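Asks: Here you go, this is start_2.tsv (TSV, C-alpha atoms).
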```tsv
chain	number	residue	atom	x	y	z
G	1	MET	CA	-3.25	-23.85	4.48
G	2	LYS	CA	-4.12	-21.30	1.84
G	3	VAL	CA	-4.81	-17.74	2.88
G	4	ASP	CA	-5.98	-14.93	0.60
G	5	PHE	CA	-3.73	-12.07	1.60
G	6	THR	CA	-5.13	-9.81	-1.12
G	7	ALA	CA	-8.61	-9.85	0.39
G	8	GLY	CA	-9.42	-6.43	1.73
G	9	PHE	CA	-6.44	-4.80	0.05
G	10	GLU	CA	-7.92	-4.17	-3.36
G	11	GLY	CA	-8.85	-0.56	-3.43
G	12	ARG	CA	-6.56	0.23	-0.53
G	13	ALA	CA	-3.29	1.97	-0.44
G	14	PRO	CA	-0.42	-1.29	-0.22
G	15	VAL	CA	2.83	-1.70	1.57
G	16	SER	CA	4.56	-1.57	-0.51
G	17	GLY	CA	3.55	-1.21	0.45
G	18	LEU	CA	1.32	-0.53	-0.48
G	19	GLY	CA	2.70	-1.81	-1.14
G	20	VAL	CA	-2.88	1.99	-4.33
G	21	LEU	CA	-4.45	10.57	-5.98
G	22	ILE	CA	0.07	21.77	-10.92
G	23	VAL	CA	0.74	24.78	-10.07
G	24	GLY	CA	-2.98	25.21	-9.90
G	25	VAL	CA	-2.83	23.34	-6.61
G	26	ALA	CA	0.55	24.60	-5.46
G	27	ILE	CA	-1.15	26.78	-2.88
G	28	LEU	CA	-2.16	23.60	-1.09
G	29	PHE	CA	1.46	22.66	-0.63
G	30	LEU	CA	3.06	26.01	0.11
G	31	SER	CA	2.53	25.48	3.80
G	32	SER	CA	5.64	24.12	5.47
G	33	PRO	CA	5.80	20.41	6.29
G	34	VAL	CA	4.90	19.27	9.77
G	35	SER	CA	7.39	20.78	12.18
G	36	ALA	CA	10.01	18.68	13.89
G	37	GLY	CA	8.72	16.80	16.90
G	38	GLU	CA	6.47	13.85	17.57
G	39	LYS	CA	5.49	12.09	14.35
G	40	LYS	CA	2.19	10.26	13.92
G	41	ILE	CA	0.89	6.95	12.69
G	42	VAL	CA	-2.40	7.09	10.82
G	43	TYR	CA	-4.58	3.98	10.66
G	44	GLU	CA	-8.12	2.71	10.21
G	45	LEU	CA	-10.12	1.40	13.16
G	46	LYS	CA	-13.38	-0.50	12.98
G	47	GLN	CA	-16.13	1.04	15.08
G	48	GLY	CA	-19.14	-1.24	15.17
G	49	ASP	CA	-20.17	-1.85	11.59
G	50	HIS	CA	-17.96	0.73	9.87
G	51	TRP	CA	-14.37	2.01	9.74
G	52	GLU	CA	-13.00	5.37	10.85
G	53	ILE	CA	-9.53	6.92	10.49
G	54	TYR	CA	-7.39	7.75	13.51
G	55	SER	CA	-3.92	9.06	14.18
G	56	MET	CA	-1.67	8.72	17.21
G	57	ASN	CA	1.87	9.26	18.35
G	58	THR	CA	4.27	6.45	17.50
G	59	ASP	CA	4.25	5.31	21.13
G	60	GLY	CA	0.45	4.94	21.10
G	61	THR	CA	-0.35	8.13	23.01
G	62	ASP	CA	-2.66	10.95	21.92
G	63	ALA	CA	-4.96	8.82	19.74
G	64	LYS	CA	-7.31	11.08	17.81
G	65	ARG	CA	-10.30	10.24	15.65
G	66	LEU	CA	-10.02	12.13	12.36
G	67	THR	CA	-13.24	11.08	10.57
G	68	HIS	CA	-16.75	11.12	12.04
G	69	THR	CA	-19.29	9.45	9.78
G	70	GLN	CA	-21.45	6.33	9.83
G	71	ALA	CA	-19.86	5.07	6.62
G	72	ASP	CA	-16.50	3.44	5.91
G	73	ASN	CA	-13.44	5.70	5.85
G	74	ARG	CA	-10.40	3.66	4.90
G	75	ALA	CA	-6.94	3.45	3.30
G	76	PRO	CA	-5.31	6.58	4.76
G	77	ASN	CA	-2.08	7.66	3.10
G	78	TRP	CA	0.17	10.60	4.04
G	79	SER	CA	1.22	13.20	1.52
G	80	PRO	CA	5.00	13.17	0.93
G	81	ASP	CA	5.45	16.24	3.17
G	82	GLY	CA	3.34	14.75	5.96
G	83	SER	CA	0.87	17.62	6.05
G	84	ARG	CA	-2.18	15.94	4.49
G	85	ILE	CA	-3.91	12.57	4.31
G	86	VAL	CA	-5.73	11.09	1.36
G	87	PHE	CA	-8.29	8.36	2.07
G	88	VAL	CA	-11.31	6.54	0.65
G	89	SER	CA	-14.76	7.28	2.07
G	90	GLU	CA	-18.22	5.86	1.34
G	91	ARG	CA	-20.09	8.71	3.06
G	92	ASP	CA	-21.57	9.78	-0.29
G	93	GLY	CA	-22.88	6.32	-1.18
G	94	TYR	CA	-19.88	5.48	-3.38
G	95	LYS	CA	-16.21	4.92	-2.75
G	96	GLN	CA	-14.82	8.43	-3.17
G	97	ILE	CA	-11.35	9.86	-2.67
G	98	TYR	CA	-11.11	12.45	0.09
G	99	LEU	CA	-8.35	14.73	1.30
G	100	MET	CA	-7.91	16.20	4.79
G	101	ASP	CA	-5.29	18.05	6.79
G	102	GLU	CA	-3.17	15.95	9.14
G	103	ASP	CA	-5.39	16.95	12.08
G	104	GLY	CA	-8.58	15.84	10.26
G	105	SER	CA	-9.74	19.31	9.25
G	106	HIS	CA	-10.83	20.51	5.79
G	107	GLN	CA	-12.15	17.16	4.53
G	108	THR	CA	-12.81	17.48	0.81
G	109	ASN	CA	-14.23	15.09	-1.79
G	110	LEU	CA	-11.75	15.02	-4.68
G	111	SER	CA	-13.62	12.44	-6.77
G	112	ARG	CA	-17.01	14.08	-7.19
G	113	SER	CA	-18.20	11.15	-9.32
G	114	HIS	CA	-20.91	8.50	-9.24
G	115	GLY	CA	-18.39	5.71	-9.79
G	116	GLN	CA	-16.29	3.73	-7.37
G	117	ASP	CA	-12.95	5.54	-6.90
G	118	TYR	CA	-10.25	4.02	-4.73
G	119	ASN	CA	-6.57	3.04	-4.32
G	120	PRO	CA	-5.24	6.64	-4.31
G	121	MET	CA	-1.45	6.96	-4.50
G	122	TRP	CA	0.53	10.20	-4.15
G	123	SER	CA	3.08	11.21	-6.73
G	124	PRO	CA	6.53	11.64	-5.14
G	125	ASP	CA	6.28	15.45	-5.37
G	126	GLY	CA	2.83	15.49	-3.74
G	127	ARG	CA	1.19	17.36	-6.62
G	128	HIS	CA	-0.77	14.51	-8.18
G	129	LEU	CA	-2.74	11.42	-7.26
G	130	ALA	CA	-3.14	8.24	-9.27
G	131	PHE	CA	-6.20	6.14	-8.49
G	132	VAL	CA	-8.57	3.46	-9.79
G	133	SER	CA	-12.09	4.25	-10.95
G	134	ASP	CA	-14.94	2.47	-12.74
G	135	ARG	CA	-16.65	5.76	-13.66
G	136	ASP	CA	-16.39	4.88	-17.37
G	137	GLY	CA	-17.76	1.36	-17.01
G	138	ASN	CA	-14.70	-0.68	-16.08
G	139	GLN	CA	-11.70	-0.36	-13.80
G	140	GLU	CA	-9.20	2.08	-15.23
G	141	ILE	CA	-6.36	4.13	-13.79
G	142	TYR	CA	-6.70	7.90	-13.62
G	143	SER	CA	-4.60	10.77	-12.36
G	144	ALA	CA	-5.61	14.17	-11.05
G	145	ALA	CA	-4.03	17.19	-9.46
G	146	ALA	CA	-4.07	17.01	-5.68
G	147	ASP	CA	-7.16	19.24	-5.50
G	148	GLY	CA	-9.11	16.88	-7.81
G	149	SER	CA	-8.75	19.06	-10.89
G	150	HIS	CA	-7.09	18.17	-14.21
G	151	LEU	CA	-8.56	14.66	-14.32
G	152	ASN	CA	-6.78	12.41	-16.81
G	153	ARG	CA	-7.67	8.82	-17.72
G	154	LEU	CA	-4.35	7.02	-18.06
G	155	THR	CA	-5.35	3.53	-19.21
G	156	GLN	CA	-7.52	2.76	-22.20
G	157	SER	CA	-8.36	-0.92	-21.94
G	158	GLU	CA	-11.51	-3.00	-21.73
G	159	ALA	CA	-9.70	-5.19	-19.23
G	160	ARG	CA	-9.27	-4.55	-15.55
G	161	ASP	CA	-6.42	-2.12	-14.71
G	162	TYR	CA	-5.61	-1.37	-11.09
G	163	SER	CA	-2.96	-0.97	-8.36
G	164	PRO	CA	-1.08	2.13	-9.59
G	165	ASN	CA	2.35	2.67	-8.07
G	166	TRP	CA	4.51	5.70	-8.90
G	167	SER	CA	8.20	5.31	-9.64
G	168	PRO	CA	10.38	7.19	-7.13
G	169	ASP	CA	11.24	9.86	-9.71
G	170	GLY	CA	7.56	10.33	-10.65
G	171	THR	CA	8.07	9.67	-14.37
G	172	LYS	CA	6.46	6.19	-14.49
G	173	ILE	CA	3.50	4.36	-12.97
G	174	ALA	CA	3.56	0.60	-12.51
G	175	PHE	CA	0.18	-1.12	-12.49
G	176	VAL	CA	-1.52	-4.49	-12.86
G	177	SER	CA	-3.70	-5.38	-15.84
G	178	ARG	CA	-5.71	-8.35	-17.12
G	179	ARG	CA	-5.57	-7.15	-20.72
G	180	ASP	CA	-3.54	-10.26	-21.65
G	181	ASP	CA	-6.13	-12.62	-20.09
G	182	ASN	CA	-4.04	-12.99	-16.96
G	183	TYR	CA	-2.57	-10.61	-14.40
G	184	GLU	CA	0.57	-8.88	-15.64
G	185	ILE	CA	2.65	-5.95	-14.36
G	186	TYR	CA	2.88	-2.99	-16.69
G	187	THR	CA	4.57	0.38	-16.56
G	188	MET	CA	3.48	3.51	-18.38
G	189	ASP	CA	4.58	7.11	-18.52
G	190	ALA	CA	3.02	9.35	-15.87
G	191	ASP	CA	0.68	10.74	-18.56
G	192	GLY	CA	-0.44	7.24	-19.60
G	193	GLY	CA	1.80	6.94	-22.64
G	194	HIS	CA	3.92	3.97	-23.70
G	195	PRO	CA	2.40	1.11	-21.66
G	196	VAL	CA	4.79	-1.86	-21.49
G	197	ASN	CA	4.14	-5.39	-20.24
G	198	LEU	CA	7.09	-6.17	-17.95
G	199	THR	CA	6.27	-9.69	-16.80
G	200	GLN	CA	5.00	-11.41	-19.99
G	201	ASN	CA	4.24	-14.72	-18.33
G	202	PRO	CA	1.12	-16.94	-18.27
G	203	ALA	CA	1.25	-16.96	-14.47
G	204	GLU	CA	-0.53	-14.50	-12.20
G	205	ASP	CA	1.99	-11.70	-11.71
G	206	GLY	CA	1.50	-8.83	-9.28
G	207	ARG	CA	-2.07	-9.68	-8.39
G	208	GLY	CA	-1.44	-9.16	-4.69
G	209	PHE	CA	1.46	-6.73	-4.57
G	210	HIS	CA	4.27	-5.02	-6.45
G	211	SER	CA	6.69	-2.36	-5.29
G	212	TRP	CA	9.49	-0.16	-6.66
G	213	SER	CA	12.83	-0.11	-4.89
G	214	PRO	CA	13.58	3.33	-3.38
G	215	ASP	CA	16.17	4.05	-6.06
G	216	GLY	CA	13.72	3.11	-8.85
G	217	THR	CA	15.98	0.49	-10.43
G	218	LEU	CA	14.06	-2.63	-9.34
G	219	ILE	CA	10.50	-3.88	-8.92
G	220	ALA	CA	9.58	-6.66	-6.49
G	221	TRP	CA	6.32	-8.52	-6.91
G	222	GLY	CA	4.35	-11.63	-5.99
G	223	THR	CA	3.72	-14.40	-8.50
G	224	ASP	CA	2.50	-17.98	-8.73
G	225	ARG	CA	4.71	-18.79	-11.73
G	226	ASP	CA	6.44	-21.52	-9.66
G	227	MET	CA	3.14	-22.99	-8.49
G	228	ASN	CA	3.63	-26.18	-10.50
G	229	ARG	CA	7.03	-26.71	-8.93
G	230	ASP	CA	6.41	-25.98	-5.25
G	231	GLY	CA	2.68	-25.26	-4.98
G	232	ASN	CA	3.15	-21.77	-3.58
G	233	TRP	CA	3.52	-18.06	-4.29
G	234	GLU	CA	6.96	-16.50	-4.43
G	235	ILE	CA	8.51	-13.04	-4.41
G	236	TYR	CA	10.38	-12.12	-7.57
G	237	LEU	CA	12.65	-9.22	-8.41
G	238	MET	CA	13.26	-7.67	-11.82
G	239	ASN	CA	14.97	-4.65	-13.25
G	240	ALA	CA	12.64	-1.69	-13.77
G	241	ASP	CA	12.51	-2.44	-17.53
G	242	GLY	CA	11.34	-6.02	-16.86
G	243	SER	CA	14.69	-7.66	-17.54
G	244	LYS	CA	16.39	-10.30	-15.38
G	245	PRO	CA	13.41	-11.58	-13.38
G	246	ARG	CA	14.59	-13.77	-10.50
G	247	ASN	CA	13.01	-15.65	-7.62
G	248	ILE	CA	14.36	-14.30	-4.31
G	249	THR	CA	12.35	-16.47	-1.89
G	250	ARG	CA	12.54	-19.97	-3.40
G	251	THR	CA	10.66	-21.77	-0.65
G	252	LYS	CA	9.49	-25.36	-0.93
G	253	SER	CA	6.24	-25.42	0.99
G	254	ASP	CA	2.59	-24.55	0.51
G	255	GLU	CA	3.53	-20.95	1.24
G	256	GLN	CA	1.37	-17.92	0.70
G	257	MET	CA	3.15	-14.59	0.41
G	258	GLY	CA	1.51	-11.36	1.54
G	259	MET	CA	2.41	-7.72	1.12
G	260	LEU	CA	6.03	-6.63	0.81
G	261	VAL	CA	7.63	-3.28	1.63
G	262	TRP	CA	11.15	-2.05	0.87
G	263	SER	CA	13.21	-0.59	3.68
G	264	PRO	CA	13.81	3.16	3.30
G	265	ASP	CA	17.45	2.54	2.30
G	266	GLY	CA	16.45	-0.16	-0.20
G	267	ARG	CA	18.68	-2.81	1.34
G	268	GLN	CA	15.96	-5.02	2.81
G	269	ILE	CA	12.41	-6.16	2.16
G	270	VAL	CA	9.85	-6.94	4.84
G	271	PHE	CA	7.05	-9.33	3.86
G	272	THR	CA	4.46	-11.72	5.25
G	273	THR	CA	4.47	-15.48	4.77
G	274	THR	CA	2.86	-18.68	6.05
G	275	ARG	CA	6.05	-20.74	5.80
G	276	ASP	CA	5.91	-21.48	9.54
G	277	GLY	CA	2.28	-22.60	9.45
G	278	ASN	CA	0.80	-19.24	10.40
G	279	ASN	CA	1.04	-15.70	9.12
G	280	GLU	CA	4.40	-14.23	10.19
G	281	ILE	CA	6.42	-11.13	9.32
G	282	TYR	CA	9.85	-11.75	7.80
G	283	VAL	CA	12.67	-9.52	6.65
G	284	MET	CA	15.33	-10.41	4.06
G	285	ASN	CA	18.11	-8.73	2.16
G	286	ARG	CA	17.18	-7.40	-1.27
G	287	ASP	CA	18.74	-10.45	-2.93
G	288	GLY	CA	16.67	-12.83	-0.77
G	289	SER	CA	19.47	-13.79	1.60
G	290	GLY	CA	19.35	-13.54	5.37
G	291	ALA	CA	15.60	-14.18	5.72
G	292	LYS	CA	14.53	-13.83	9.36
G	293	ASN	CA	11.23	-14.27	11.19
G	294	LEU	CA	10.57	-11.02	13.09
G	295	SER	CA	7.17	-11.66	14.65
G	296	ARG	CA	7.78	-15.17	16.04
G	297	ASN	CA	4.25	-15.60	17.33
G	298	PRO	CA	1.50	-18.21	16.74
G	299	ALA	CA	-1.02	-15.43	16.10
G	300	MET	CA	-1.68	-13.72	12.77
G	301	ASP	CA	0.86	-10.93	12.14
G	302	ALA	CA	0.36	-8.84	9.01
G	303	GLN	CA	0.51	-5.47	7.23
G	304	PRO	CA	4.13	-4.52	8.13
G	305	VAL	CA	5.34	-0.99	7.33
G	306	TRP	CA	8.72	0.61	8.01
G	307	SER	CA	9.26	3.74	10.03
G	308	PRO	CA	10.82	6.54	7.92
G	309	ASP	CA	14.20	6.04	9.65
G	310	GLY	CA	14.11	2.28	9.04
G	311	LYS	CA	14.55	1.46	12.73
G	312	ARG	CA	11.06	0.16	13.56
G	313	ILE	CA	8.21	-1.71	11.91
G	314	ALA	CA	4.51	-1.17	12.59
G	315	PHE	CA	2.20	-4.13	12.03
G	316	VAL	CA	-1.21	-5.61	12.80
G	317	SER	CA	-1.62	-8.65	15.05
G	318	ASN	CA	-4.35	-10.53	16.90
G	319	ARG	CA	-1.90	-11.98	19.45
G	320	ASP	CA	-3.85	-10.42	22.32
G	321	GLY	CA	-7.25	-11.57	21.12
G	322	LEU	CA	-8.40	-8.79	18.81
G	323	GLU	CA	-6.62	-7.17	15.88
G	324	ASP	CA	-4.48	-4.33	17.18
G	325	LEU	CA	-1.63	-2.18	15.99
G	326	TYR	CA	1.90	-2.91	17.23
G	327	VAL	CA	5.43	-1.66	16.66
G	328	MET	CA	8.67	-3.60	17.03
G	329	ASP	CA	12.35	-3.02	16.58
G	330	LEU	CA	14.01	-3.88	13.28
G	331	ASN	CA	15.20	-7.22	14.68
G	332	GLY	CA	11.72	-8.08	16.00
G	333	ASP	CA	12.49	-7.25	19.63
G	334	HIS	CA	10.38	-5.13	22.00
G	335	PRO	CA	6.94	-5.51	20.37
G	336	GLN	CA	4.63	-2.86	21.80
G	337	ARG	CA	0.83	-2.82	21.51
G	338	LEU	CA	-0.42	0.63	20.53
G	339	THR	CA	-4.20	0.23	20.19
G	340	SER	CA	-7.04	-1.44	22.07
G	341	GLY	CA	-10.79	-1.29	22.21
G	342	GLY	CA	-11.75	-1.55	18.54
G	343	SER	CA	-13.15	-4.51	16.63
G	344	GLY	CA	-10.47	-4.33	13.95
G	345	VAL	CA	-7.52	-2.23	12.84
G	346	GLY	CA	-5.57	-1.87	9.62
G	347	ALA	CA	-3.60	0.16	7.10
G	348	PRO	CA	-1.00	1.73	9.44
G	349	ARG	CA	1.12	4.45	7.81
G	350	TRP	CA	3.99	6.39	9.38
G	351	GLN	CA	4.07	10.14	8.91
G	352	PRO	CA	7.02	11.09	6.66
```
For this file, produce the structure as structure tokens.

Replies:
Amino acid sequence: MKVDFTAGFEGRAPVSGLGVLIVGVAILFLSSPVSAGEKKIVYELKQGDHWEIYSMNTDGTDAKRLTHTQADNRAPNWSPDGSRIVFVSERDGYKQIYLMDEDGSHQTNLSRSHGQDYNPMWSPDGRHLAFVSDRDGNQEIYSAAADGSHLNRLTQSEARDYSPNWSPDGTKIAFVSRRDDNYEIYTMDADGGHPVNLTQNPAEDGRGFHSWSPDGTLIAWGTDRDMNRDGNWEIYLMNADGSKPRNITRTKSDEQMGMLVWSPDGRQIVFTTTRDGNNEIYVMNRDGSGAKNLSRNPAMDAQPVWSPDGKRIAFVSNRDGLEDLYVMDLNGDHPQRLTSGGSGVGAPRWQP
């Protein structure tokens, strides 16, 4: 069974998630972070023929609709201080990057273009966004201040460049490019300088997902470079400079890997896989050892994301008939259904 786990994720924020937007905007971030108390999960919910963004408490209570349009609003992503949410909206006829307060107020179009802008990713300090846009005729990576000003085109290639991912210290951006006639993972300086091909392999590297370790020393990614050996995708790990690539899954089945997300302490990786014949959520140590099936259910379980304290995992499952949002303990115990009543759900993100 072959499943395309990248479908629907292009142009969305990953798990890594993700796995994919100064002082002139500092006033936006002078307000104190969300006060201590009940944190939220933000997510997208399908309402009829379009998607809206909601938030709720982490136990499923106090669900609140944040967007109110008849167009798609998708890929919500919290600012590092948890006070704002960036998302992608088609309310203006194009995919545009919007910003709103955590309660849904002050929704603002940051893109203001006639191109397709998507995959916004916050810089670690919350002052910038990196995103993908075709406003100049092909998919390139741009950055902007968090109020949409100071637009800067970072990639200069006729090929397709996408999936920007900031390093934890904010000095580098990893991304995927087809400039070498196949998908490769690159890094560049935050201003677009010094692009470097890290993977340098004729296989498809990083097409579905890639993710920095929390300490910035490693990058994990998906690749089919072992396809001729085992007929499947694998998860690889390399040093942040591209050295010492190694296979950390090494399965021997027609396995399709989905998104991967590092634990907050960087010791584990949660990922999705079909190794048991259906889409399941697994966790493993950072070296690939100790792999364990967390979801243990014949339904489709996908889109896992860690809670900030690393004690719980939110995920999407259709185990009760429709796609809904769930949370479970780190060992997979006590799965709890948080949503009901929509025709689809996705992109859960915990408030920092």

Asks: Tell me which of G:Pro168, G:Gly344, G:Gly242, G:Gly206 sits closest to Tyr183 of chain G, counting only C-alpha atoms.

Replies: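 Comparing G:Pro168, G:Gly344, G:Gly242, G:Gly206 against Tyr183 of chain G, the winner is G:Gly206.
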
Asks: Can you work out which one of G:Arg337, G:Arg296, G:Arg127, G:Arg225 has the shortest atom-to-atom distance to Asn279 of chain G, counting only C-alpha atoms?

Replies: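 Smallest distance to Asn279 of chain G is found for G:Arg296.
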
Asks: For Leu99 of chain G, work out the shell of residues within 9 Å, counting all atoms listed in the file and skipping chain neighbours fewer than 3 positions away, then give it as a ChimeraX atom specification.

Replies: /G:84-88,106-110,146-147

Asks: Nearest to Gly288 of chain G among G:Phe271, G:Lys40, G:Ser113, G:Gly60, with distances taken over all atoms listed in the file: which residue is it?

Replies: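 When distances to Gly288 of chain G are compared using all atoms listed in the file, the smallest one comes from G:Phe271.
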
Asks: Rounded to one decimal place, report the atom CA of Ser83 of chain G-atom CA of Asp59 of chain G distance in Å.

Replies: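 Atom CA of Asp59 of chain G lies 19.8 Å from atom CA of Ser83 of chain G.
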
Asks: Closest to Ile141 of chain G among G:Gly126, G:Val305, G:Asp181, G:Asp191, using only C-alpha atoms?

Replies: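 Distance minimum relative to Ile141 of chain G lands on G:Asp191.
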
Asks: I'd like the interatomic distance between atom CA of Gly342 of chain G and atom CA of Met328 of chain G, to a tenth of an Å.

Replies: 20.6 Å

Asks: Pick the closest to Met238 of chain G from G:Ala314, G:Leu218, G:Met121, G:Val283: which is it, counting all atoms listed in the file?

Replies: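 Of G:Ala314, G:Leu218, G:Met121, G:Val283, the one nearest Met238 of chain G is G:Leu218, counting all atoms listed in the file.
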
Asks: Show me, as a Markdown table, the residues of segment 81-140 of chain G having an atom within 10 Å of segment 148-155 of chain G, each with the closest atom pair and its distance in Å, using all atoms listed in the file.

Replies:
```
| residue | atom | partner | partner_atom | distance |
| --- | --- | --- | --- | --- |
| G:Ile97 | CA | G:Gly148 | CA | 9.0 |
| G:Tyr98 | CA | G:Gly148 | CA | 9.3 |
| G:Leu99 | CA | G:Gly148 | CA | 9.4 |
| G:Thr108 | CA | G:Gly148 | CA | 9.4 |
| G:Asn109 | CA | G:Gly148 | CA | 8.1 |
| G:Leu110 | CA | G:Gly148 | CA | 4.5 |
| G:Ser111 | CA | G:Gly148 | CA | 6.4 |
| G:Arg112 | CA | G:Gly148 | CA | 8.4 |
| G:His128 | CA | G:Gly148 | CA | 8.7 |
| G:Leu129 | CA | G:Gly148 | CA | 8.4 |
| G:Ala130 | CA | G:Leu154 | CA | 9.0 |
| G:Phe131 | CA | G:Arg153 | CA | 9.7 |
| G:Val132 | CA | G:Arg153 | CA | 9.6 |
| G:Ser133 | CA | G:Arg153 | CA | 9.3 |
| G:Asp136 | CA | G:Arg153 | CA | 9.6 |
| G:Gln139 | CA | G:Thr155 | CA | 9.2 |
| G:Glu140 | CA | G:Thr155 | CA | 5.7 |
```

Asks: So what do you get for atom CA of Val327 of chain G versus atom CA of Glu90 of chain G, distance-wise?

Replies: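 Computing it gives 29.2 Å between the two atoms.
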
Asks: Neighbouring residues of segment 62-67 of chain G were defined as those with any atom within 10 Å, considering only C-alpha atoms; residues of the same chain fewer than 3 positions away were excluded. Please report them as a PyMOL selection string.

Replies: chain G and resi 40-45+51-59+70-74+89+100-105+107+338-339

Asks: Got a sec: who's within 9 Å of Ala203 of chain G, counting only C-alpha atoms, leaving out chain neighbours fewer than 2 positions off, as a tab-separated table (two decimals) with C-alpha atoms, in the coordinates of the input?

Replies:
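File part.tsv, as written:
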```tsv
chain	number	residue	atom	x	y	z
G	182	ASN	CA	-4.04	-12.99	-16.96
G	183	TYR	CA	-2.57	-10.61	-14.40
G	184	GLU	CA	0.57	-8.88	-15.64
G	200	GLN	CA	5.00	-11.41	-19.99
G	201	ASN	CA	4.24	-14.72	-18.33
G	205	ASP	CA	1.99	-11.70	-11.71
G	223	THR	CA	3.72	-14.40	-8.50
G	224	ASP	CA	2.50	-17.98	-8.73
G	225	ARG	CA	4.71	-18.79	-11.73
G	226	ASP	CA	6.44	-21.52	-9.66
G	227	MET	CA	3.14	-22.99	-8.49
```

Asks: Show me, as a count of residues only, the residues that have an atom within 9 Å of Thr251 of chain G when counting only C-alpha atoms, minus same-chain residues fewer than 6 positions from it.

Replies: 5

Asks: Set the distance at 6 Å and use all atoms listed in the file: which residues neighbour Thr274 of chain G once local chain neighbours fewer than 2 positions away are removed? I'd like the list as a ChimeraX atom specification.

Replies: /G:255-256,276-279

Asks: Residues within 8 Å of (-4.5, -14.0, 19.6), file coordinates, counting only C-alpha atoms: what are they? Give the list as a ChimeraX atom specification.

Replies: /G:298-300,317-322

Asks: Okay, now the selection with C-alpha atoms, as a PDB file, in the coordinates of the input?

Replies:
```pdb
ATOM      1  CA  PRO G 298       1.500 -18.210  16.740  1.00  0.00           C
ATOM      2  CA  ALA G 299      -1.020 -15.430  16.100  1.00  0.00           C
ATOM      3  CA  MET G 300      -1.680 -13.720  12.770  1.00  0.00           C
ATOM      4  CA  SER G 317      -1.620  -8.650  15.050  1.00  0.00           C
ATOM      5  CA  ASN G 318      -4.350 -10.530  16.900  1.00  0.00           C
ATOM      6  CA  ARG G 319      -1.900 -11.980  19.450  1.00  0.00           C
ATOM      7  CA  ASP G 320      -3.850 -10.420  22.320  1.00  0.00           C
ATOM      8  CA  GLY G 321      -7.250 -11.570  21.120  1.00  0.00           C
ATOM      9  CA  LEU G 322      -8.400  -8.790  18.810  1.00  0.00           C
TER      10      LEU G 322
END
```

Asks: May I have the centre and edge lengths, in Å to one decimal, of an axis-aligned box around the listed atoms of segment 251-267 of chain G with 5 Å added to every side, as JSON?

Replies:
```
{"center_x": 10.0, "center_y": -11.1, "center_z": 1.4, "size_x": 27.3, "size_y": 38.6, "size_z": 14.6}
```

Asks: Could you tell me which of G:Arg312, G:His194, G:Lys252, G:His210 comes closest to Tyr326 of chain G if we count only C-alpha atoms?

Replies: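 The closest residue to Tyr326 of chain G is G:Arg312.
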
Asks: Using the structure block above, produce a file of segment 249-261 of chain G that contains N, CA and C atoms, as a PDB file, in the first residue's frame.

Replies:
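Heads up, here's the output in part.pdb:
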```pdb
ATOM      1  N   THR G 249      15.788   4.455  10.533  1.00  0.00           N
ATOM      2  CA  THR G 249      14.605   3.591  10.591  1.00  0.00           C
ATOM      3  C   THR G 249      14.893   2.192  10.054  1.00  0.00           C
ATOM      4  N   ARG G 250      15.543   2.084   8.932  1.00  0.00           N
ATOM      5  CA  ARG G 250      15.986   0.809   8.367  1.00  0.00           C
ATOM      6  C   ARG G 250      14.919  -0.289   8.437  1.00  0.00           C
ATOM      7  N   THR G 251      13.778  -0.007   7.890  1.00  0.00           N
ATOM      8  CA  THR G 251      12.730  -1.015   7.818  1.00  0.00           C
ATOM      9  C   THR G 251      12.856  -1.807   6.531  1.00  0.00           C
ATOM     10  N   LYS G 252      12.204  -2.936   6.454  1.00  0.00           N
ATOM     11  CA  LYS G 252      12.300  -3.811   5.297  1.00  0.00           C
ATOM     12  C   LYS G 252      10.907  -4.182   4.805  1.00  0.00           C
ATOM     13  N   SER G 253      10.112  -3.169   4.555  1.00  0.00           N
ATOM     14  CA  SER G 253       8.755  -3.390   4.053  1.00  0.00           C
ATOM     15  C   SER G 253       8.413  -2.265   3.105  1.00  0.00           C
ATOM     16  N   ASP G 254       7.253  -2.391   2.454  1.00  0.00           N
ATOM     17  CA  ASP G 254       6.785  -1.317   1.581  1.00  0.00           C
ATOM     18  C   ASP G 254       6.225  -0.212   2.465  1.00  0.00           C
ATOM     19  N   GLU G 255       7.123   0.467   3.166  1.00  0.00           N
ATOM     20  CA  GLU G 255       6.722   1.421   4.197  1.00  0.00           C
ATOM     21  C   GLU G 255       6.752   2.845   3.664  1.00  0.00           C
ATOM     22  N   GLN G 256       5.741   3.599   4.035  1.00  0.00           N
ATOM     23  CA  GLN G 256       5.680   5.003   3.676  1.00  0.00           C
ATOM     24  C   GLN G 256       5.749   5.833   4.951  1.00  0.00           C
ATOM     25  N   MET G 257       6.771   6.684   5.034  1.00  0.00           N
ATOM     26  CA  MET G 257       6.938   7.528   6.204  1.00  0.00           C
ATOM     27  C   MET G 257       6.178   8.832   6.022  1.00  0.00           C
ATOM     28  N   GLY G 258       5.603   9.331   7.107  1.00  0.00           N
ATOM     29  CA  GLY G 258       4.944  10.625   7.066  1.00  0.00           C
ATOM     30  C   GLY G 258       5.734  11.646   7.857  1.00  0.00           C
ATOM     31  N   MET G 259       5.060  12.661   8.363  1.00  0.00           N
ATOM     32  CA  MET G 259       5.731  13.754   9.031  1.00  0.00           C
ATOM     33  C   MET G 259       6.430  13.282  10.307  1.00  0.00           C
ATOM     34  N   LEU G 260       7.518  13.980  10.649  1.00  0.00           N
ATOM     35  CA  LEU G 260       8.239  13.679  11.880  1.00  0.00           C
ATOM     36  C   LEU G 260       8.377  14.957  12.692  1.00  0.00           C
ATOM     37  N   VAL G 261       8.396  14.817  14.015  1.00  0.00           N
ATOM     38  CA  VAL G 261       8.522  15.959  14.913  1.00  0.00           C
ATOM     39  C   VAL G 261       9.431  15.568  16.070  1.00  0.00           C
TER      40      VAL G 261
END
```
